[in-house]
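Asks: So here's start29.cif (mmCIF, C-alpha atoms).
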data_protein
#
loop_
_atom_site.label_atom_id
_atom_site.label_comp_id
_atom_site.auth_asym_id
_atom_site.auth_seq_id
_atom_site.Cartn_x
_atom_site.Cartn_y
_atom_site.Cartn_z
CA GLN A 1 12.27 7.84 7.76
CA SER A 2 11.12 4.93 5.60
CA VAL A 3 12.52 1.41 5.99
CA LEU A 4 12.93 1.19 2.20
CA THR A 5 14.93 4.01 0.62
CA GLN A 6 13.92 5.63 -2.65
CA PRO A 7 15.34 8.79 -4.23
CA PRO A 8 12.78 11.58 -3.78
CA SER A 9 12.83 12.60 -7.43
CA ALA A 10 13.74 11.45 -10.93
CA SER A 11 13.17 12.81 -14.39
CA GLY A 12 13.34 11.89 -18.04
CA THR A 13 12.27 13.00 -21.47
CA PRO A 14 9.62 11.34 -23.62
CA GLY A 15 10.88 8.12 -25.16
CA GLN A 16 13.71 7.78 -22.68
CA ARG A 17 14.28 4.87 -20.31
CA VAL A 18 14.41 5.65 -16.60
CA THR A 19 15.21 3.42 -13.66
CA LEU A 20 13.89 3.99 -10.16
CA SER A 21 15.69 2.38 -7.25
CA CYS A 22 14.55 0.97 -3.92
CA SER A 23 17.08 0.01 -1.27
CA GLY A 24 16.35 -2.21 1.70
CA SER A 25 18.04 -4.77 3.90
CA SER A 26 18.41 -8.44 4.74
CA SER A 27 15.10 -8.44 6.59
CA ASN A 28 13.03 -7.25 3.66
CA ILE A 29 14.14 -6.98 0.03
CA ALA A 30 16.96 -9.53 0.29
CA ARG A 31 14.61 -12.42 1.00
CA LYS A 32 11.11 -11.13 0.32
CA TYR A 33 9.17 -10.12 -2.75
CA VAL A 34 9.12 -6.50 -3.88
CA TYR A 35 6.05 -4.69 -5.22
CA TRP A 36 5.78 -1.42 -7.13
CA TYR A 37 2.89 1.04 -7.18
CA GLN A 38 2.11 4.11 -9.27
CA LYS A 39 0.28 6.90 -7.44
CA LEU A 40 -1.47 9.71 -9.26
CA PRO A 41 -3.01 12.63 -7.33
CA GLY A 42 -6.51 11.93 -6.10
CA THR A 43 -6.50 8.28 -7.08
CA ALA A 44 -5.74 5.00 -5.36
CA PRO A 45 -2.30 3.50 -5.95
CA LYS A 46 -2.08 1.18 -8.93
CA LEU A 47 -0.15 -2.08 -8.78
CA LEU A 48 2.56 -2.08 -11.44
CA ILE A 49 4.81 -4.99 -10.45
CA TYR A 50 4.27 -7.88 -8.06
CA ARG A 51 6.69 -10.52 -6.79
CA ASN A 52 9.77 -8.62 -8.00
CA ASP A 53 9.22 -8.77 -11.75
CA GLN A 54 5.66 -9.84 -12.57
CA ARG A 55 3.29 -7.51 -14.39
CA PRO A 56 -0.47 -7.64 -13.75
CA SER A 57 -2.62 -7.86 -16.84
CA GLY A 58 -3.20 -4.43 -18.28
CA VAL A 59 0.13 -2.97 -17.21
CA PRO A 60 2.19 -2.09 -20.30
CA ASP A 61 5.40 -4.03 -20.87
CA ARG A 62 7.21 -0.68 -20.76
CA PHE A 63 7.25 -1.27 -17.00
CA SER A 64 9.63 -3.90 -15.66
CA GLY A 65 10.92 -4.84 -12.23
CA SER A 66 14.08 -6.49 -11.00
CA LYS A 67 15.80 -7.31 -7.73
CA SER A 68 19.37 -7.99 -6.68
CA GLY A 69 20.50 -8.48 -3.12
CA THR A 70 19.03 -5.77 -0.92
CA SER A 71 17.96 -3.53 -3.79
CA ALA A 72 15.19 -3.48 -6.35
CA SER A 73 14.52 -1.42 -9.45
CA LEU A 74 11.62 -0.32 -11.58
CA ALA A 75 12.45 0.47 -15.18
CA ILE A 76 10.19 2.46 -17.43
CA SER A 77 11.05 2.47 -21.11
CA GLY A 78 9.56 4.63 -23.84
CA LEU A 79 8.70 7.25 -21.24
CA ARG A 80 5.37 9.00 -21.79
CA SER A 81 3.89 12.13 -20.27
CA GLU A 82 1.24 10.08 -18.47
CA ASP A 83 3.99 8.25 -16.57
CA GLU A 84 4.52 11.41 -14.51
CA ALA A 85 3.53 10.21 -11.04
CA ASP A 86 4.80 9.07 -7.67
CA TYR A 87 6.22 5.55 -7.52
CA TYR A 88 6.43 3.46 -4.37
CA CYS A 89 8.15 0.18 -3.61
CA ALA A 90 6.90 -2.15 -0.88
CA ALA A 91 8.03 -5.38 0.74
CA TRP A 92 7.38 -7.57 3.72
CA ASP A 93 9.82 -6.99 6.57
CA ASP A 94 10.72 -10.13 8.45
CA SER A 95 12.23 -8.44 11.47
CA LEU A 96 10.56 -8.45 14.89
CA SER A 97 7.97 -6.06 13.53
CA ALA A 98 6.68 -8.49 10.85
CA SER A 99 5.01 -5.85 8.74
CA VAL A 100 4.75 -4.39 5.26
CA VAL A 101 7.14 -1.52 4.66
CA PHE A 102 6.98 1.12 1.93
CA GLY A 103 9.66 3.28 0.41
CA GLY A 104 9.24 7.02 0.73
CA GLY A 105 8.33 7.30 -2.94
CA THR A 106 9.96 8.79 -6.02
CA LYS A 107 8.35 11.67 -7.87
CA LEU A 108 8.94 11.08 -11.57
CA THR A 109 8.81 14.14 -13.80
CA VAL A 110 8.56 13.83 -17.57
CA LEU A 111 10.31 16.87 -18.99
CA GLN B 1 -14.66 -7.98 -10.21
CA VAL B 2 -13.79 -7.32 -6.59
CA GLN B 3 -14.46 -3.77 -5.42
CA LEU B 4 -13.72 -2.10 -2.11
CA GLN B 5 -15.39 0.98 -0.65
CA GLU B 6 -14.39 2.87 2.48
CA SER B 7 -16.97 4.52 4.69
CA GLY B 8 -17.02 6.34 7.99
CA PRO B 9 -16.80 9.79 9.60
CA ARG B 10 -14.68 12.29 7.68
CA LEU B 11 -14.05 14.46 10.73
CA VAL B 12 -12.76 13.19 14.07
CA LYS B 13 -11.91 15.22 17.17
CA PRO B 14 -8.43 15.00 18.73
CA SER B 15 -8.11 12.24 21.37
CA GLU B 16 -11.14 10.40 19.97
CA THR B 17 -11.29 7.20 17.92
CA LEU B 18 -11.17 7.09 14.14
CA SER B 19 -13.41 4.34 12.78
CA LEU B 20 -13.62 3.25 9.16
CA THR B 21 -15.28 0.34 7.41
CA CYS B 22 -14.40 -1.21 4.08
CA THR B 23 -17.15 -3.05 2.23
CA VAL B 24 -16.04 -5.75 -0.17
CA SER B 25 -18.26 -6.55 -3.14
CA GLY B 26 -17.88 -8.99 -6.00
CA ALA B 27 -16.24 -11.74 -3.97
CA SER B 28 -16.21 -13.35 -0.54
CA ILE B 29 -13.98 -11.75 2.05
CA SER B 30 -12.80 -15.17 3.19
CA SER B 31 -9.24 -16.51 2.97
CA HIS B 32 -7.24 -13.33 2.55
CA TYR B 33 -5.53 -10.58 4.48
CA TRP B 34 -7.44 -7.30 4.48
CA THR B 35 -5.35 -4.20 4.88
CA TRP B 36 -5.44 -0.51 5.74
CA ILE B 37 -2.98 2.00 4.32
CA ARG B 38 -2.90 5.78 4.65
CA GLN B 39 -1.30 8.78 3.03
CA PRO B 40 -1.04 12.15 4.79
CA ALA B 41 -1.14 15.13 2.50
CA GLY B 42 2.21 15.64 0.79
CA LYS B 43 3.69 12.48 2.29
CA GLY B 44 4.19 8.88 1.32
CA LEU B 45 2.16 5.72 1.78
CA GLU B 46 2.08 4.21 5.25
CA TRP B 47 0.94 0.64 5.94
CA ILE B 48 -1.29 0.54 9.01
CA GLY B 49 -2.14 -3.10 9.49
CA ARG B 50 -4.04 -6.15 8.34
CA MET B 51 -6.22 -9.00 9.49
CA HIS B 52 -6.81 -12.43 8.00
CA THR B 53 -10.28 -13.90 8.07
CA ILE B 54 -8.97 -16.69 10.29
CA GLY B 55 -8.06 -14.06 12.86
CA SER B 56 -4.33 -13.36 12.63
CA THR B 57 -3.23 -9.73 12.58
CA ASN B 58 -0.13 -7.67 11.85
CA TYR B 59 0.30 -4.00 12.66
CA ASN B 60 2.73 -1.20 11.90
CA PRO B 61 4.97 -1.08 15.00
CA SER B 62 4.65 2.70 15.16
CA LEU B 63 0.84 2.47 15.38
CA LYS B 64 0.39 -0.87 17.06
CA SER B 65 -0.61 0.48 20.47
CA ARG B 66 -3.51 2.46 18.95
CA VAL B 67 -4.77 0.29 16.07
CA THR B 68 -7.28 -2.51 15.72
CA VAL B 69 -8.27 -4.13 12.43
CA SER B 70 -11.24 -6.48 12.49
CA VAL B 71 -13.15 -8.53 9.93
CA ASP B 72 -16.87 -9.29 9.76
CA THR B 73 -17.32 -12.14 7.32
CA SER B 74 -21.12 -12.09 7.73
CA LYS B 75 -21.21 -8.56 6.30
CA ASN B 76 -18.24 -8.97 3.93
CA GLN B 77 -16.63 -6.00 5.64
CA PHE B 78 -13.52 -5.17 7.56
CA SER B 79 -12.83 -2.23 9.83
CA LEU B 80 -10.15 0.04 11.23
CA LYS B 81 -10.13 1.65 14.64
CA LEU B 82 -7.39 4.11 15.54
CA ASN B 83 -7.69 5.61 18.98
CA SER B 84 -6.27 8.71 20.64
CA VAL B 85 -5.95 10.48 17.30
CA THR B 86 -4.07 13.70 16.74
CA ALA B 87 -3.69 16.04 13.78
CA ALA B 88 -0.86 13.79 12.59
CA ASP B 89 -3.47 11.12 11.82
CA THR B 90 -5.14 13.33 9.22
CA ALA B 91 -4.74 11.44 5.97
CA VAL B 92 -6.41 9.69 3.07
CA TYR B 93 -7.16 6.18 4.29
CA PHE B 94 -7.24 3.29 1.80
CA CYS B 95 -8.45 -0.24 2.26
CA ALA B 96 -7.00 -3.03 0.12
CA LYS B 97 -6.78 -6.77 -0.27
CA ASP B 98 -3.36 -8.32 0.24
CA VAL B 99 -3.13 -11.05 -2.39
CA GLU B 100 -0.28 -12.75 -0.52
CA ARG B 101 -1.74 -15.45 1.71
CA SER B 102 1.30 -16.37 3.79
CA SER B 103 1.65 -15.04 7.32
CA SER B 104 5.26 -14.11 6.48
CA ALA B 105 4.56 -12.29 3.25
CA GLY B 106 2.66 -9.23 2.14
CA GLY B 107 2.63 -6.10 0.06
CA TRP B 108 0.70 -7.30 -2.99
CA PHE B 109 -2.26 -4.96 -2.72
CA ASP B 110 -4.97 -5.42 -5.29
CA PRO B 111 -7.61 -4.12 -5.49
CA TRP B 112 -7.77 -0.89 -3.52
CA GLY B 113 -10.65 1.23 -2.34
CA GLN B 114 -10.82 4.75 -3.71
CA GLY B 115 -9.67 6.22 -0.41
CA THR B 116 -11.34 8.53 2.06
CA LEU B 117 -9.96 11.69 3.62
CA VAL B 118 -10.23 11.75 7.38
CA THR B 119 -9.45 15.02 9.12
CA VAL B 120 -8.61 15.23 12.81
CA SER B 121 -9.69 18.61 14.11
CA SER B 122 -11.73 20.14 16.89
#
So that I can check it, write out the structure of this file as structure tokens.

Replies:
Amino acid sequence: QSVLTQPPSASGTPGQRVTLSCSGSSSNIARKYVYWYQKLPGTAPKLLIYRNDQRPSGVPDRFSGSKSGTSASLAISGLRSEDEADYYCAAWDDSLSASVVFGGGTKLTVL
Amino acid sequence: QVQLQESGPRLVKPSETLSLTCTVSGASISSHYWTWIRQPAGKGLEWIGRMHTIGSTNYNPSLKSRVTVSVDTSKNQFSLKLNSVTAADTAVYFCAKDVERSSSAGGWFDPWGQGTLVTVSS
């Protein structure tokens, strides 16, 4: 069981806007930055969002991140077929473990 | 630009030690946390641990008793050792740089190595 909770699946049609959620706690998301990664089969994860809502250069502005309290979200607008992938959230956990924690991942299907 | 490349045995016997090295090119390894992450087939990403070039480390509590991450600044490399492996340690192992520099922050992984599949089997 992952420390950060993500729904296992989500779906949308081309052009649609979808929002993926990531739920944590007071020891991680509430007071630490959240990061989002896109994972395609056979490739390394790709950083999509850093420090809650910042996009690295080269990441389309269709991807946006937000955080409120103990939850974070990744929104994808203008959904495209190539967005079909697994998406993971990550954060530092400030509990006794002092470690990075990942969500279990959300498989996004573009219908 | 900075590139990372994992290397090491692809097949490890149960109860033995898994050893991987990540070679960093395009920049000095100094002044950052260097991280190992894995993904078993069909499962999610799992953070293993990290080491800063000044020597501080953090490990996944569930793996802490079996893991060592070390850095060799002279070779611009860092390494992972995971001992007493079982089939459950079969996974694709990734190395990555954690861009966050604070000891109480992390998760900003960029860049990543391409990943290497390590199989634990007799």

Asks: For a quick check of understanding, using only C-alpha atoms, which of A:Arg55, A:Lys67, A:Lys46, A:Arg62 has the smallest distance to chain B?

Replies: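 Of A:Arg55, A:Lys67, A:Lys46, A:Arg62, the one nearest chain B is A:Lys46, counting only C-alpha atoms.
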
Asks: Once you count all atoms listed in the file, what closest atom pair and distance in Å to one decimal does each residue of chain B within 10 Å of chain A have, with rows by chain and rising residue number, as a tab-separated table?

Replies:
residue	atom	partner	partner_atom	distance
B:Lys43	CA	A:Gly104	CA	7.9
B:Gly44	CA	A:Gly104	CA	5.4
B:Leu45	CA	A:Phe102	CA	6.7
B:Glu46	CA	A:Phe102	CA	6.7
B:Trp47	CA	A:Val100	CA	6.3
B:Ile48	CA	A:Val100	CA	8.7
B:Gly49	CA	A:Ser99	CA	7.7
B:Arg50	CA	A:Ser99	CA	9.1
B:Thr57	CA	A:Ser99	CA	9.9
B:Asn58	CA	A:Ser99	CA	6.3
B:Tyr59	CA	A:Ser99	CA	6.4
B:Asn60	CA	A:Ser99	CA	6.1
B:Pro61	CA	A:Ser97	CA	6.0
B:Ser62	CA	A:Ser97	CA	9.5
B:Lys64	CA	A:Ser97	CA	9.8
B:Val92	CA	A:Gly42	CA	9.4
B:Tyr93	CA	A:Ala44	CA	9.8
B:Phe94	CA	A:Ala44	CA	7.5
B:Cys95	CA	A:Ala44	CA	9.6
B:Ala96	CA	A:Ala44	CA	9.8
B:Val99	CA	A:Tyr50	CA	9.8
B:Glu100	CA	A:Arg51	CA	9.6
B:Ser103	CA	A:Ala98	CA	9.0
B:Ser104	CA	A:Asp94	CA	7.0
B:Ala105	CA	A:Trp92	CA	5.5
B:Gly106	CA	A:Trp92	CA	5.2
B:Gly107	CA	A:Ala91	CA	5.5
B:Trp108	CA	A:Tyr50	CA	6.2
B:Phe109	CA	A:Leu47	CA	7.0
B:Asp110	CA	A:Leu47	CA	6.8
B:Pro111	CA	A:Lys46	CA	8.4
B:Trp112	CA	A:Ala44	CA	6.5
B:Gly113	CA	A:Ala44	CA	6.9
B:Gln114	CA	A:Ala44	CA	5.3
B:Gly115	CA	A:Ala44	CA	6.4
B:Thr116	CA	A:Ala44	CA	9.9

Asks: What is the distance, in Å and to one decimal place, between atom CA of Asp53 of chain A and atom CA of Gly65 of chain A?

Replies: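 Separating atom CA of Asp53 of chain A from atom CA of Gly65 of chain A is a distance of 4.3 Å.
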
Asks: One number please: atom CA of Ser7 of chain B to atom CA of Ala87 of chain B, in Å, one decimal.

Replies: 19.8 Å

Asks: Taking the point (-18.3, -2.0, 6.7) as given in the file, collect each protein or nucleic acid residue that comes within 9 Å of it, counting all atoms listed in the file, and present the set as number ranges by chain.

Replies: B: 5-8, 20-24, 71-72, 75-79

Asks: What is the atom CA of Cys22 of chain A to atom CA of Pro7 of chain A distance in Å?

Replies: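 Taking atom CA of Cys22 of chain A as the start and atom CA of Pro7 of chain A as the end point, the length is 7.9 Å.
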
Asks: Taking into account only C-alpha atoms, which residue in the set B:Asn83, B:Gln3, B:Ser122, B:Ser102 is nearest to Glu16 of chain B?

Replies: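 Of B:Asn83, B:Gln3, B:Ser122, B:Ser102, the one nearest Glu16 of chain B, counting only C-alpha atoms, is B:Asn83.
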
Asks: Taking the file as shown, find all residues satisfying the PyMOL selection byres ((chain B and resi 53) around 8) and write them as a list in words.

Replies: Ile29, Ser30, Ser31, His32, Tyr33, Met51, His52, Ile54, Gly55, Ser56, Val71 and Thr73 of chain B

Asks: Padding 3 Å on every side, please: axis-aligned box over the listed atoms of segment 94-99 of chain A, centre and edge lengths to one decimal in Å, as AutoDock Vina command-line options.

Replies:
--center_x 8.6 --center_y -8.0 --center_z 11.7 --size_x 13.2 --size_y 10.3 --size_z 12.4

Asks: Could you pull the residues within 10 Å of Arg17 of chain A, counting only C-alpha atoms, minus those fewer than 6 positions along the same chain, as a list in words?

Replies: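 Here the qualifying residues turn out to be Ser11, Arg62, Phe63, Ala75, Ile76, Ser77, Gly78, Leu79 and Arg80 of chain A.
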